[in-house]
Structures are given as structure tokens and as C-alpha cells.
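To be precise, the following lines are target00.txt, and they hold compact mmCIF, N, CA, C and O atoms.
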# COMPACT_ATOMS: atom_id res chain seq x y z
N MET A 23 -38.99 -78.61 -39.77
CA MET A 23 -38.51 -77.85 -40.89
C MET A 23 -39.59 -77.70 -41.95
O MET A 23 -39.74 -76.63 -42.52
N ALA A 24 -40.36 -78.73 -42.21
CA ALA A 24 -41.39 -78.65 -43.25
C ALA A 24 -42.52 -77.72 -42.82
O ALA A 24 -43.20 -77.16 -43.66
N GLY A 25 -42.73 -77.54 -41.56
CA GLY A 25 -43.79 -76.67 -41.09
C GLY A 25 -43.48 -75.20 -41.31
O GLY A 25 -44.38 -74.36 -41.36
N ASP A 26 -42.21 -74.84 -41.44
CA ASP A 26 -41.83 -73.44 -41.60
C ASP A 26 -41.82 -72.98 -43.05
O ASP A 26 -41.95 -71.80 -43.33
N GLU A 27 -41.67 -73.90 -43.97
CA GLU A 27 -41.57 -73.53 -45.38
C GLU A 27 -42.92 -73.71 -46.08
O GLU A 27 -43.63 -74.67 -45.81
N PRO A 28 -43.28 -72.77 -46.95
CA PRO A 28 -44.56 -72.93 -47.67
C PRO A 28 -44.47 -74.07 -48.69
O PRO A 28 -43.41 -74.35 -49.24
N VAL A 29 -45.58 -74.73 -48.89
CA VAL A 29 -45.63 -75.83 -49.85
C VAL A 29 -45.95 -75.25 -51.22
O VAL A 29 -46.96 -74.58 -51.40
N THR A 30 -45.06 -75.47 -52.18
CA THR A 30 -45.25 -74.97 -53.53
C THR A 30 -44.97 -76.08 -54.53
O THR A 30 -44.27 -77.03 -54.23
N ALA A 31 -45.51 -75.91 -55.71
CA ALA A 31 -45.26 -76.86 -56.79
C ALA A 31 -43.93 -76.51 -57.46
O ALA A 31 -43.51 -75.35 -57.45
N PRO A 32 -43.27 -77.48 -58.09
CA PRO A 32 -41.99 -77.19 -58.75
C PRO A 32 -42.09 -76.16 -59.86
O PRO A 32 -41.15 -75.41 -60.09
N ASP A 33 -43.22 -76.10 -60.56
CA ASP A 33 -43.33 -75.14 -61.65
C ASP A 33 -43.52 -73.70 -61.15
O ASP A 33 -43.43 -72.76 -61.93
N GLN A 34 -43.78 -73.52 -59.88
CA GLN A 34 -43.90 -72.16 -59.33
C GLN A 34 -42.54 -71.53 -59.06
O GLN A 34 -42.43 -70.33 -58.93
N HIS A 35 -41.51 -72.33 -58.97
CA HIS A 35 -40.18 -71.80 -58.68
C HIS A 35 -39.52 -71.15 -59.88
O HIS A 35 -38.75 -70.22 -59.75
N LYS A 36 -39.80 -71.65 -61.07
CA LYS A 36 -39.18 -71.11 -62.27
C LYS A 36 -40.28 -70.78 -63.29
O LYS A 36 -40.75 -71.66 -64.01
N PRO A 37 -40.72 -69.53 -63.35
CA PRO A 37 -41.78 -69.19 -64.30
C PRO A 37 -41.28 -69.27 -65.74
O PRO A 37 -40.09 -69.12 -66.01
N GLY A 38 -42.21 -69.47 -66.65
CA GLY A 38 -41.86 -69.55 -68.07
C GLY A 38 -41.65 -68.17 -68.66
O GLY A 38 -41.75 -67.15 -67.98
N HIS A 39 -41.36 -68.16 -69.92
CA HIS A 39 -41.13 -66.90 -70.63
C HIS A 39 -42.48 -66.35 -71.09
O HIS A 39 -43.14 -66.94 -71.94
N ARG A 40 -42.90 -65.23 -70.52
CA ARG A 40 -44.21 -64.65 -70.85
C ARG A 40 -44.25 -64.15 -72.28
O ARG A 40 -45.23 -64.32 -72.98
N LYS A 41 -43.18 -63.49 -72.70
CA LYS A 41 -43.19 -62.91 -74.04
C LYS A 41 -43.28 -63.98 -75.11
O LYS A 41 -44.03 -63.84 -76.07
N SER A 42 -42.54 -65.07 -74.96
CA SER A 42 -42.60 -66.13 -75.96
C SER A 42 -43.97 -66.82 -75.93
O SER A 42 -44.45 -67.28 -76.97
N GLY A 43 -44.59 -66.90 -74.78
CA GLY A 43 -45.94 -67.45 -74.69
C GLY A 43 -46.96 -66.59 -75.41
O GLY A 43 -47.84 -67.10 -76.11
N ARG A 44 -46.83 -65.29 -75.25
CA ARG A 44 -47.73 -64.37 -75.95
C ARG A 44 -47.52 -64.45 -77.45
O ARG A 44 -48.48 -64.47 -78.23
N ILE A 45 -46.27 -64.47 -77.88
CA ILE A 45 -45.98 -64.55 -79.31
C ILE A 45 -46.51 -65.87 -79.87
O ILE A 45 -47.10 -65.89 -80.97
N GLY A 46 -46.33 -66.95 -79.15
CA GLY A 46 -46.84 -68.24 -79.60
C GLY A 46 -48.35 -68.26 -79.73
O GLY A 46 -48.90 -68.84 -80.67
N ALA A 47 -49.05 -67.63 -78.79
CA ALA A 47 -50.51 -67.58 -78.85
C ALA A 47 -50.98 -66.75 -80.04
O ALA A 47 -51.93 -67.13 -80.73
N VAL A 48 -50.33 -65.62 -80.30
CA VAL A 48 -50.72 -64.78 -81.43
C VAL A 48 -50.43 -65.48 -82.75
O VAL A 48 -51.25 -65.46 -83.67
N VAL A 49 -49.28 -66.14 -82.86
CA VAL A 49 -48.94 -66.86 -84.09
C VAL A 49 -49.94 -68.00 -84.31
O VAL A 49 -50.38 -68.25 -85.44
N SER A 50 -50.33 -68.69 -83.24
CA SER A 50 -51.31 -69.77 -83.37
C SER A 50 -52.66 -69.23 -83.82
O SER A 50 -53.34 -69.85 -84.65
N ALA A 51 -53.07 -68.09 -83.28
CA ALA A 51 -54.34 -67.49 -83.68
C ALA A 51 -54.32 -67.09 -85.14
O ALA A 51 -55.29 -67.31 -85.87
N VAL A 52 -53.21 -66.52 -85.59
CA VAL A 52 -53.08 -66.15 -87.01
C VAL A 52 -53.12 -67.39 -87.89
O VAL A 52 -53.78 -67.40 -88.94
N ALA A 53 -52.47 -68.46 -87.46
CA ALA A 53 -52.49 -69.71 -88.24
C ALA A 53 -53.90 -70.28 -88.33
O ALA A 53 -54.31 -70.78 -89.38
N LEU A 54 -54.67 -70.19 -87.24
CA LEU A 54 -56.04 -70.68 -87.27
C LEU A 54 -56.91 -69.87 -88.22
O LEU A 54 -57.73 -70.43 -88.96
N VAL A 55 -56.73 -68.55 -88.23
CA VAL A 55 -57.50 -67.70 -89.15
C VAL A 55 -57.12 -68.01 -90.60
O VAL A 55 -57.98 -68.07 -91.48
N LEU A 56 -55.83 -68.21 -90.85
CA LEU A 56 -55.40 -68.55 -92.21
C LEU A 56 -55.96 -69.90 -92.64
O LEU A 56 -56.31 -70.08 -93.81
N MET A 57 -56.03 -70.84 -91.71
CA MET A 57 -56.63 -72.13 -92.05
C MET A 57 -58.09 -71.98 -92.42
O MET A 57 -58.60 -72.68 -93.30
N ALA A 58 -58.79 -71.07 -91.76
CA ALA A 58 -60.21 -70.85 -92.07
C ALA A 58 -60.37 -70.25 -93.46
O ALA A 58 -61.30 -70.59 -94.18
N PHE A 59 -59.47 -69.35 -93.83
CA PHE A 59 -59.57 -68.72 -95.15
C PHE A 59 -59.11 -69.64 -96.28
O PHE A 59 -59.62 -69.56 -97.39
N CYS A 60 -58.15 -70.49 -96.01
CA CYS A 60 -57.58 -71.34 -97.06
C CYS A 60 -58.20 -72.73 -97.09
O CYS A 60 -57.76 -73.58 -97.85
N GLY A 61 -59.21 -72.97 -96.27
CA GLY A 61 -59.82 -74.29 -96.22
C GLY A 61 -60.61 -74.62 -97.47
O GLY A 61 -61.11 -73.73 -98.16
N THR A 62 -60.75 -75.90 -97.76
CA THR A 62 -61.47 -76.34 -98.95
C THR A 62 -62.84 -76.92 -98.61
O THR A 62 -63.55 -77.36 -99.51
N GLU A 63 -63.21 -76.93 -97.35
CA GLU A 63 -64.49 -77.52 -96.99
C GLU A 63 -65.64 -76.60 -97.40
O GLU A 63 -65.49 -75.38 -97.49
N GLU A 64 -66.79 -77.19 -97.65
CA GLU A 64 -67.95 -76.41 -98.07
C GLU A 64 -68.74 -75.88 -96.89
O GLU A 64 -69.37 -74.83 -96.97
N GLY A 65 -68.74 -76.59 -95.77
CA GLY A 65 -69.48 -76.15 -94.60
C GLY A 65 -68.74 -75.06 -93.86
O GLY A 65 -67.53 -74.88 -93.99
N ARG A 66 -69.47 -74.31 -93.08
CA ARG A 66 -68.87 -73.20 -92.33
C ARG A 66 -68.69 -73.51 -90.84
O ARG A 66 -68.24 -72.67 -90.09
N VAL A 67 -69.05 -74.71 -90.43
CA VAL A 67 -68.91 -75.06 -89.01
C VAL A 67 -67.44 -75.07 -88.60
O VAL A 67 -67.08 -74.58 -87.53
N GLU A 68 -66.59 -75.59 -89.47
CA GLU A 68 -65.16 -75.62 -89.17
C GLU A 68 -64.59 -74.21 -89.04
O GLU A 68 -63.77 -73.93 -88.17
N ASP A 69 -65.06 -73.32 -89.92
CA ASP A 69 -64.59 -71.93 -89.87
C ASP A 69 -65.00 -71.26 -88.56
O ASP A 69 -64.23 -70.51 -87.97
N LEU A 70 -66.22 -71.54 -88.12
CA LEU A 70 -66.68 -70.96 -86.85
C LEU A 70 -65.81 -71.44 -85.69
O LEU A 70 -65.47 -70.65 -84.80
N TRP A 71 -65.46 -72.72 -85.68
CA TRP A 71 -64.60 -73.24 -84.63
C TRP A 71 -63.21 -72.60 -84.68
O TRP A 71 -62.66 -72.22 -83.64
N LEU A 72 -62.66 -72.48 -85.88
CA LEU A 72 -61.32 -71.90 -86.01
C LEU A 72 -61.31 -70.44 -85.57
O LEU A 72 -60.42 -70.00 -84.83
N PHE A 73 -62.31 -69.66 -86.01
CA PHE A 73 -62.40 -68.26 -85.59
C PHE A 73 -62.65 -68.15 -84.09
O PHE A 73 -62.09 -67.27 -83.42
N GLY A 74 -63.47 -69.03 -83.55
CA GLY A 74 -63.76 -68.99 -82.11
C GLY A 74 -62.53 -69.28 -81.26
O GLY A 74 -62.27 -68.60 -80.26
N ILE A 75 -61.77 -70.29 -81.64
CA ILE A 75 -60.56 -70.63 -80.88
C ILE A 75 -59.52 -69.53 -81.02
O ILE A 75 -58.85 -69.18 -80.04
N ALA A 76 -59.40 -68.94 -82.22
CA ALA A 76 -58.45 -67.84 -82.40
C ALA A 76 -58.86 -66.64 -81.55
O ALA A 76 -58.01 -66.00 -80.91
N ALA A 77 -60.16 -66.34 -81.50
CA ALA A 77 -60.64 -65.22 -80.68
C ALA A 77 -60.40 -65.49 -79.20
O ALA A 77 -60.03 -64.58 -78.44
N LEU A 78 -60.58 -66.73 -78.78
CA LEU A 78 -60.33 -67.08 -77.37
C LEU A 78 -58.85 -66.91 -77.02
O LEU A 78 -58.53 -66.36 -75.95
N LEU A 79 -57.95 -67.34 -77.90
CA LEU A 79 -56.52 -67.16 -77.66
C LEU A 79 -56.16 -65.67 -77.53
O LEU A 79 -55.43 -65.27 -76.62
N LEU A 80 -56.69 -64.87 -78.44
CA LEU A 80 -56.39 -63.43 -78.39
C LEU A 80 -57.00 -62.77 -77.16
O LEU A 80 -56.39 -61.89 -76.56
N ALA A 81 -58.19 -63.21 -76.74
CA ALA A 81 -58.82 -62.66 -75.54
C ALA A 81 -57.99 -63.00 -74.29
O ALA A 81 -57.84 -62.16 -73.39
N ILE A 82 -57.43 -64.18 -74.25
CA ILE A 82 -56.59 -64.56 -73.11
C ILE A 82 -55.32 -63.72 -73.06
O ILE A 82 -54.91 -63.24 -72.00
N VAL A 83 -54.70 -63.50 -74.23
CA VAL A 83 -53.47 -62.69 -74.27
C VAL A 83 -53.78 -61.25 -73.87
O VAL A 83 -53.04 -60.65 -73.07
N ILE A 84 -54.85 -60.68 -74.39
CA ILE A 84 -55.21 -59.29 -74.06
C ILE A 84 -55.60 -59.18 -72.59
O ILE A 84 -55.20 -58.25 -71.90
N GLY A 85 -56.38 -60.14 -72.09
CA GLY A 85 -56.77 -60.12 -70.68
C GLY A 85 -55.58 -60.21 -69.75
O GLY A 85 -55.50 -59.52 -68.73
N ASP A 86 -54.62 -61.06 -70.09
CA ASP A 86 -53.41 -61.18 -69.28
C ASP A 86 -52.61 -59.88 -69.28
O ASP A 86 -52.12 -59.44 -68.24
N ALA A 87 -52.50 -59.25 -70.45
CA ALA A 87 -51.75 -57.99 -70.53
C ALA A 87 -52.43 -56.89 -69.72
O ALA A 87 -51.76 -56.12 -69.02
N VAL A 88 -53.75 -56.82 -69.77
CA VAL A 88 -54.48 -55.80 -69.01
C VAL A 88 -54.34 -56.04 -67.51
O VAL A 88 -54.09 -55.11 -66.74
N LEU A 89 -54.46 -57.30 -67.09
CA LEU A 89 -54.33 -57.60 -65.66
C LEU A 89 -52.92 -57.31 -65.15
O LEU A 89 -52.74 -56.79 -64.05
N ARG A 90 -51.92 -57.62 -65.94
CA ARG A 90 -50.54 -57.35 -65.52
C ARG A 90 -50.27 -55.85 -65.47
O ARG A 90 -49.57 -55.36 -64.60
N ARG A 91 -50.82 -55.10 -66.44
CA ARG A 91 -50.60 -53.65 -66.46
C ARG A 91 -51.25 -52.98 -65.25
O ARG A 91 -50.71 -52.05 -64.66
N ASN A 92 -52.41 -53.49 -64.84
CA ASN A 92 -53.11 -52.91 -63.70
C ASN A 92 -52.60 -53.44 -62.36
O ASN A 92 -53.09 -53.04 -61.31
N GLY A 93 -51.67 -54.37 -62.39
CA GLY A 93 -51.09 -54.89 -61.15
C GLY A 93 -51.95 -55.92 -60.45
O GLY A 93 -51.76 -56.20 -59.29
N LEU A 94 -52.93 -56.48 -61.14
CA LEU A 94 -53.81 -57.45 -60.52
C LEU A 94 -53.30 -58.88 -60.68
O LEU A 94 -53.88 -59.82 -60.16
N ARG A 95 -52.21 -59.03 -61.43
CA ARG A 95 -51.62 -60.35 -61.64
C ARG A 95 -50.11 -60.21 -61.62
O ARG A 95 -49.57 -59.31 -62.22
N SER A 96 -49.45 -61.12 -60.94
CA SER A 96 -47.99 -61.03 -60.84
C SER A 96 -47.29 -61.77 -61.94
O SER A 96 -47.83 -62.58 -62.63
Can you dump the structure from the file as C-alpha cells?
Amino acid sequence: MAGDEPVTAPDQHKPGHRKSGRIGAVVSAVALVLMAFCGTEEGRVEDLWLFGIAALLLAIVIGDAVLRRNGLRS
């Protein structure tokens, strides 16, 4: 019986909510940008990290949307 069925992980059976994941990523990116603007530190290294992580989150969301629209990702 086990030889006939494909082996999958439990998280593959029930996918998460894509829309809420996208909204969460965008809200997190906005929060990171706001932290960079409202920060009290004098150095700019923290701001670079915050902007970089926010840009990475947005790039992942945009890349996922483009791949799904083109049918390259299920």
C-alpha cells in the first residue's frame, strides 16, 4: 500500500492562505520602513538593514505574484 501512494509532508495537504500571507508581508514591510523613519539612532546602518529587509519582503511578494500569474508556480 505504501508503494502506491506518493510520500508527502503534512503541510502539503492543506495550503495556507496566500492572500493573508501577502497582506502580512506588506504590512511588515511598511512597519519596517516606519521604524527606519521614526528611529532615534544616529547611525544609518540600522536604517539600511530595515530598508533592505523591507525591500526583500516586497520582492518576494511581487515575485510570487508574477510567477503565479504566468503559471510557473501552483
The distance between atom C of Ser50 (chain A) and atom C of Asp86 (chain A) is 17.3 Å
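Among the candidates A:Arg91, A:Lys41, A:Leu56, A:Ala47, the residue lying nearest to Ile75 (chain A) is A:Ala47 (atoms considered: all atoms listed in the file).
Excluding Ala77 (chain A) itself and same-chain residues fewer than 4 positions from it, the residues having an atom within 8 Å of it are Ala51, Phe73 and Ala81 of chain A, counting only C-alpha atoms.
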With N, CA, C and O atoms retained, write the just-selected residues as a compact mmCIF listing (two decimals), in the frame of the given file.
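The resulting out00.txt:
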# COMPACT_ATOMS: atom_id res chain seq x y z
N ALA A 51 -53.07 -68.09 -83.28
CA ALA A 51 -54.34 -67.49 -83.68
C ALA A 51 -54.32 -67.09 -85.14
O ALA A 51 -55.29 -67.31 -85.87
N PHE A 73 -62.31 -69.66 -86.01
CA PHE A 73 -62.40 -68.26 -85.59
C PHE A 73 -62.65 -68.15 -84.09
O PHE A 73 -62.09 -67.27 -83.42
N ALA A 81 -58.19 -63.21 -76.74
CA ALA A 81 -58.82 -62.66 -75.54
C ALA A 81 -57.99 -63.00 -74.29
O ALA A 81 -57.84 -62.16 -73.39
Atom C of Val48 (chain A) to CA of Gly65 (chain A): how many Å, to one decimal? 24.8 Å
In Å and to one decimal, CA of Arg40 (chain A) is distant from CA of Leu78 (chain A) by 17.6 Å
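Across A:Val49, A:Leu70, A:Ala31, A:Ala58, the tightest approach to Val83 (chain A) is made by A:Val49 when counting only C-alpha atoms.
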May I have all residues of chain A that DSSP, computed from the backbone, assigns to helix (DSSP H, G or I), given as a PyMOL selection string? chain A and resi 32-34+40-60+67-91
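Minimum atom-to-atom distance to Leu79 (chain A), evaluated using all atoms listed in the file, belongs to A:Arg44 out of A:His39, A:Arg44, A:Asn92, A:Cys60.
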